[in-house]
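Scroll down for the structure; my scribbles are underneath it.
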Amino acid sequence: MILFPAIDLKGGACVRLVQGDMARATVFSDDPPAQARAFAAAGFDWLHVVDLDGAFAGEPVNAEAVGAILEAVDIPVQLGGGIRTMATIEAWLAKGVQRVILGTVAVREPALVRAACRAFPGRVAVGIDARDGRVAVEGWAESVDMDALALARRFEDAGAAAIIHTDIARDGALEGVNAEATGALARALATPVIASGGVASHDDLDRLKAREADGVCGVICGRALYDGRIDPARALAQLAA
């Protein structure tokens, strides 16, 4: 199981939000490439990067910071936030992003997601963010009348590399991961699922690891890595076992 350390970008800095609220942002580093190098040095195999400003704007905003991260490390980067057109997808992949994450357009323009999956096999993930079971879009600012499983099933035959499922109510709150719900989602899908939201302890990682057979292939972790609740070496060993 892959552990993805998260770098969320707001105003060019690395921040963590609580439940997706831009007004509740904690700045952990004003040097994103240095943070990326630190994660790479700690042994992580991937980085999960989100352009938070871009998610609200509907287009890339922190492109300079993302570019600096790509130049700073050799490990693959998956990127989400503000990626709404094929031109943006193509541009990021050309610049060295290994995998783009498509969220809002999965609801608004599912045909674009399918076309991107066909054009770039293995390099497109579908981001499904849900609050109280309902899908949220536009940087989590708007909810739509659809549940996470229904949206995920729309892309079962599209060839997406993964479904990245974020529990918004738990994201950044350090209240523990909902491993049961994540496992249930993964069991209902053929596409692998990456869990996100609420990871607060090594016990949470154990609970997700136990869902690997259900189809949970990875977990994204942010605040708990930044504040030391999760030790990188121990966590990587846990999930590699």
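Scheme for the structure tokens: letters A, B, ... for chains in order shown; per-chain residue numbers from 1; ligand numbers from 1 in order shown.
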
Quiz item: as an MDAnalysis selection string, which residues of stretch 24-102 of chain A does DSSP assign to alpha helix (DSSP H)?
Solution: chainID A and resid 32:41 52:57 63:72 86:95

Practice problem: Find the residues near A:Gly80: any atom within 6 Å, counting only C-alpha atoms, skip ones fewer than 3 places away on the same chain, and give them as a list in words. | Solution: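 Listed by chain and then number, they are Val50, Val100 and Ile101 of chain A.
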
Save out the residues we just selected, N, CA and C atoms, as a short mmCIF file (atom, residue, chain, number, x, y, z; two decimals), in the first residue's frame.
```cif
data_model
loop_
_atom_site.label_atom_id
_atom_site.label_comp_id
_atom_site.auth_asym_id
_atom_site.auth_seq_id
_atom_site.Cartn_x
_atom_site.Cartn_y
_atom_site.Cartn_z
N VAL A 50 -1.80 19.33 -4.19
CA VAL A 50 -3.07 19.94 -4.54
C VAL A 50 -2.91 21.45 -4.61
N VAL A 100 -2.53 13.13 -13.08
CA VAL A 100 -3.43 14.24 -12.76
C VAL A 100 -4.67 13.69 -12.08
N ILE A 101 -5.23 14.51 -11.21
CA ILE A 101 -6.44 14.14 -10.48
C ILE A 101 -7.58 15.03 -10.96
#
```

Exercise. Would you mind reading off the distance between atom CA of A:Gly43 and atom CA of A:Gln238, one decimal, in Å?
Key: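 The value is 13.2 Å.
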
Exercise. Grab the atom CA of A:Glu212 to atom CA of A:Asp8 distance for me, in Å with one decimal place.
Key: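 It comes out at 25.6 Å.
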
Quiz item: Of the candidates A:Glu71, A:Ala148, A:Gly183, A:Val61, which one gets nearest to A:Gly12 if we count only C-alpha atoms?
Solution: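 Ranked by minimum distance to A:Gly12, first place goes to A:Val61.
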
Exercise. Measuring atom to atom with only C-alpha atoms, identify which of A:Met146, A:Ile7, A:Leu239, A:Leu112 is nearest to A:Val49.
Key: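 Looking only at the distances to A:Val49, the closest residue turns out to be A:Ile7.
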
Practice problem: Might you pull out every residue within 10 Å of A:Phe4, with only C-alpha atoms counted and same-chain residues fewer than 6 positions away left off, and present them as a list in words? | Solution: Phe39, Phe44, Asp45, Trp46, Leu47, His48, Val49, Val77, Gln78, Ile194, Ala195, Ser196, Gly218, Val219, Ile220, Cys221, Gly222 and Leu236 of chain A

Those same residues, written as a PDB file, in the first residue's frame with N, CA and C atoms?
```pdb
ATOM      1  N   PHE A  39      10.221  15.081   2.124  1.00  0.00           N
ATOM      2  CA  PHE A  39       9.424  13.861   1.993  1.00  0.00           C
ATOM      3  C   PHE A  39      10.167  12.810   1.174  1.00  0.00           C
ATOM      4  N   PHE A  44       9.555   8.376   0.963  1.00  0.00           N
ATOM      5  CA  PHE A  44       8.274   8.248   0.273  1.00  0.00           C
ATOM      6  C   PHE A  44       8.486   8.035  -1.223  1.00  0.00           C
ATOM      7  N   ASP A  45       7.607   7.242  -1.821  1.00  0.00           N
ATOM      8  CA  ASP A  45       7.719   6.899  -3.242  1.00  0.00           C
ATOM      9  C   ASP A  45       6.906   7.807  -4.145  1.00  0.00           C
ATOM     10  N   TRP A  46       5.966   8.550  -3.559  1.00  0.00           N
ATOM     11  CA  TRP A  46       5.090   9.436  -4.320  1.00  0.00           C
ATOM     12  C   TRP A  46       4.871  10.719  -3.514  1.00  0.00           C
ATOM     13  N   LEU A  47       4.427  11.767  -4.206  1.00  0.00           N
ATOM     14  CA  LEU A  47       3.915  12.972  -3.565  1.00  0.00           C
ATOM     15  C   LEU A  47       2.498  13.235  -4.068  1.00  0.00           C
ATOM     16  N   HIS A  48       1.650  13.698  -3.167  1.00  0.00           N
ATOM     17  CA  HIS A  48       0.292  14.110  -3.519  1.00  0.00           C
ATOM     18  C   HIS A  48       0.240  15.626  -3.360  1.00  0.00           C
ATOM     19  N   VAL A  49       0.055  16.333  -4.456  1.00  0.00           N
ATOM     20  CA  VAL A  49       0.076  17.797  -4.446  1.00  0.00           C
ATOM     21  C   VAL A  49      -1.284  18.326  -4.905  1.00  0.00           C
ATOM     22  N   VAL A  77       4.834  12.560  -8.919  1.00  0.00           N
ATOM     23  CA  VAL A  77       3.902  13.492  -8.296  1.00  0.00           C
ATOM     24  C   VAL A  77       2.522  13.310  -8.914  1.00  0.00           C
ATOM     25  N   GLN A  78       1.501  13.197  -8.059  1.00  0.00           N
ATOM     26  CA  GLN A  78       0.130  13.268  -8.556  1.00  0.00           C
ATOM     27  C   GLN A  78      -0.422  14.628  -8.131  1.00  0.00           C
ATOM     28  N   ILE A 194      -7.814   5.065  -3.346  1.00  0.00           N
ATOM     29  CA  ILE A 194      -6.855   5.711  -2.457  1.00  0.00           C
ATOM     30  C   ILE A 194      -7.659   6.489  -1.424  1.00  0.00           C
ATOM     31  N   ALA A 195      -7.381   6.251  -0.162  1.00  0.00           N
ATOM     32  CA  ALA A 195      -8.135   6.877   0.932  1.00  0.00           C
ATOM     33  C   ALA A 195      -7.511   8.209   1.324  1.00  0.00           C
ATOM     34  N   SER A 196      -8.374   9.159   1.687  1.00  0.00           N
ATOM     35  CA  SER A 196      -7.898  10.468   2.120  1.00  0.00           C
ATOM     36  C   SER A 196      -8.885  11.060   3.120  1.00  0.00           C
ATOM     37  N   GLY A 218      -3.916   2.735  -1.464  1.00  0.00           N
ATOM     38  CA  GLY A 218      -3.066   3.803  -0.960  1.00  0.00           C
ATOM     39  C   GLY A 218      -3.798   4.678   0.025  1.00  0.00           C
ATOM     40  N   VAL A 219      -3.040   5.546   0.698  1.00  0.00           N
ATOM     41  CA  VAL A 219      -3.607   6.475   1.668  1.00  0.00           C
ATOM     42  C   VAL A 219      -2.832   7.784   1.602  1.00  0.00           C
ATOM     43  N   ILE A 220      -3.566   8.878   1.650  1.00  0.00           N
ATOM     44  CA  ILE A 220      -2.968  10.210   1.642  1.00  0.00           C
ATOM     45  C   ILE A 220      -2.947  10.740   3.067  1.00  0.00           C
ATOM     46  N   CYS A 221      -1.818  11.289   3.453  1.00  0.00           N
ATOM     47  CA  CYS A 221      -1.663  11.780   4.823  1.00  0.00           C
ATOM     48  C   CYS A 221      -1.040  13.167   4.801  1.00  0.00           C
ATOM     49  N   GLY A 222      -1.605  14.081   5.558  1.00  0.00           N
ATOM     50  CA  GLY A 222      -1.095  15.437   5.592  1.00  0.00           C
ATOM     51  C   GLY A 222      -0.726  15.900   6.978  1.00  0.00           C
ATOM     52  N   LEU A 236       5.863   3.831   6.702  1.00  0.00           N
ATOM     53  CA  LEU A 236       6.230   3.152   5.463  1.00  0.00           C
ATOM     54  C   LEU A 236       6.435   1.666   5.707  1.00  0.00           C
TER      55      LEU A 236
END
```

Exercise. Find the residue from A:Gly96, A:Gly176, A:Gly127, A:Gly159 that sits nearest to A:Arg223; use only C-alpha atoms when measuring.
Key: A:Gly176

Quiz item: Counting only C-alpha atoms, what is within 12 Å of A:Thr191, bar same-chain residues fewer than 2 positions away, as a ChimeraX atom specification?
Solution: /A:122,124-126,149,152-165,185-189,193-194,214-217

Save out the residues we just selected, C-alpha atoms, as an mmCIF file, in the first residue's frame.
```cif
data_model
loop_
_atom_site.group_PDB
_atom_site.id
_atom_site.type_symbol
_atom_site.label_atom_id
_atom_site.label_comp_id
_atom_site.auth_asym_id
_atom_site.auth_seq_id
_atom_site.Cartn_x
_atom_site.Cartn_y
_atom_site.Cartn_z
ATOM 1 C CA GLY A 122 -2.489 5.056 -16.096
ATOM 2 C CA VAL A 124 -5.449 9.958 -14.683
ATOM 3 C CA ALA A 125 -7.122 9.508 -11.307
ATOM 4 C CA VAL A 126 -10.677 10.484 -10.445
ATOM 5 C CA LEU A 149 -20.277 5.306 -5.140
ATOM 6 C CA ALA A 152 -17.271 6.258 -9.042
ATOM 7 C CA ARG A 153 -19.332 3.681 -10.906
ATOM 8 C CA ARG A 154 -19.645 6.079 -13.834
ATOM 9 C CA PHE A 155 -15.938 5.595 -14.496
ATOM 10 C CA GLU A 156 -15.555 1.876 -13.867
ATOM 11 C CA ASP A 157 -14.913 1.200 -17.538
ATOM 12 C CA ALA A 158 -12.968 4.403 -18.239
ATOM 13 C CA GLY A 159 -9.531 3.102 -17.313
ATOM 14 C CA ALA A 160 -8.804 5.484 -14.436
ATOM 15 C CA ALA A 161 -5.648 4.659 -12.495
ATOM 16 C CA ALA A 162 -7.445 5.105 -9.174
ATOM 17 C CA ILE A 163 -10.361 6.659 -7.356
ATOM 18 C CA ILE A 164 -9.115 9.097 -4.720
ATOM 19 C CA HIS A 165 -11.845 9.277 -2.105
ATOM 20 C CA LEU A 185 -16.456 1.685 -1.503
ATOM 21 C CA ALA A 186 -13.402 -0.237 -2.692
ATOM 22 C CA ARG A 187 -15.237 -3.588 -2.540
ATOM 23 C CA ALA A 188 -17.956 -2.189 -4.780
ATOM 24 C CA LEU A 189 -15.470 -1.100 -7.439
ATOM 25 C CA VAL A 193 -9.196 3.282 -4.222
ATOM 26 C CA ILE A 194 -6.855 5.711 -2.457
ATOM 27 C CA ASP A 214 -10.931 -4.806 -0.507
ATOM 28 C CA GLY A 215 -9.072 -2.752 -3.096
ATOM 29 C CA VAL A 216 -7.655 0.111 -1.010
ATOM 30 C CA CYS A 217 -4.267 0.644 -2.647
#
```

Quiz item: Quick one: DSSP strand (DSSP E) residues in stretch 65-126 of chain A, as number ranges by chain?
Solution: A: 77-80, 99-102, 124-126

Next, write the just-selected residues to a file, as a compact mmCIF listing (two decimals), in the first residue's frame, keeping C-alpha atoms as the atom set.
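As written to disk, out-v8.txt reads:
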```txt
# COMPACT_ATOMS: atom_id res chain seq x y z
CA VAL A 77 3.90 13.49 -8.30
CA GLN A 78 0.13 13.27 -8.56
CA LEU A 79 -1.54 16.67 -8.86
CA GLY A 80 -5.07 17.94 -8.40
CA ARG A 99 -0.72 11.58 -12.64
CA VAL A 100 -3.43 14.24 -12.76
CA ILE A 101 -6.44 14.14 -10.48
CA LEU A 102 -9.77 15.15 -12.01
CA VAL A 124 -5.45 9.96 -14.68
CA ALA A 125 -7.12 9.51 -11.31
CA VAL A 126 -10.68 10.48 -10.45
```

Exercise. Give the answer as one residue: which of A:Val107, A:Asp167, A:Leu151, A:Leu9 has the shortest atom-to-atom distance to A:Asp132, using only C-alpha atoms?
Key: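 Once distances to A:Asp132 are computed over only C-alpha atoms, the minimum belongs to A:Asp167.
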
Quiz item: Residues at most 10 Å from A:Arg108, counting only C-alpha atoms, excluding those fewer than 4 positions away in the same chain, as a list in words?
Solution: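 What passes the distance filter is Arg84, Gly103, Thr104, Leu112, Val113 and Val137 of chain A.
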
Practice problem: Work out how far apart atom CA of A:Arg207 and atom CA of A:Asp147 are and give it in Å to one decimal. | Solution: 23.2 Å

Self-check item: A:Ile128, A:Val177, A:Leu225, A:Ile75 ranked by distance to A:Leu205, top pick (using only C-alpha atoms)
Solution: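 Checking each of A:Ile128, A:Val177, A:Leu225, A:Ile75 against A:Leu205, counting only C-alpha atoms, the winner is A:Val177.
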
Quiz item: From the list A:Glu180, A:Asp31, A:Asp206, A:Asp129, which residue is nearest A:Ala72 when using only C-alpha atoms?
Solution: A:Asp31
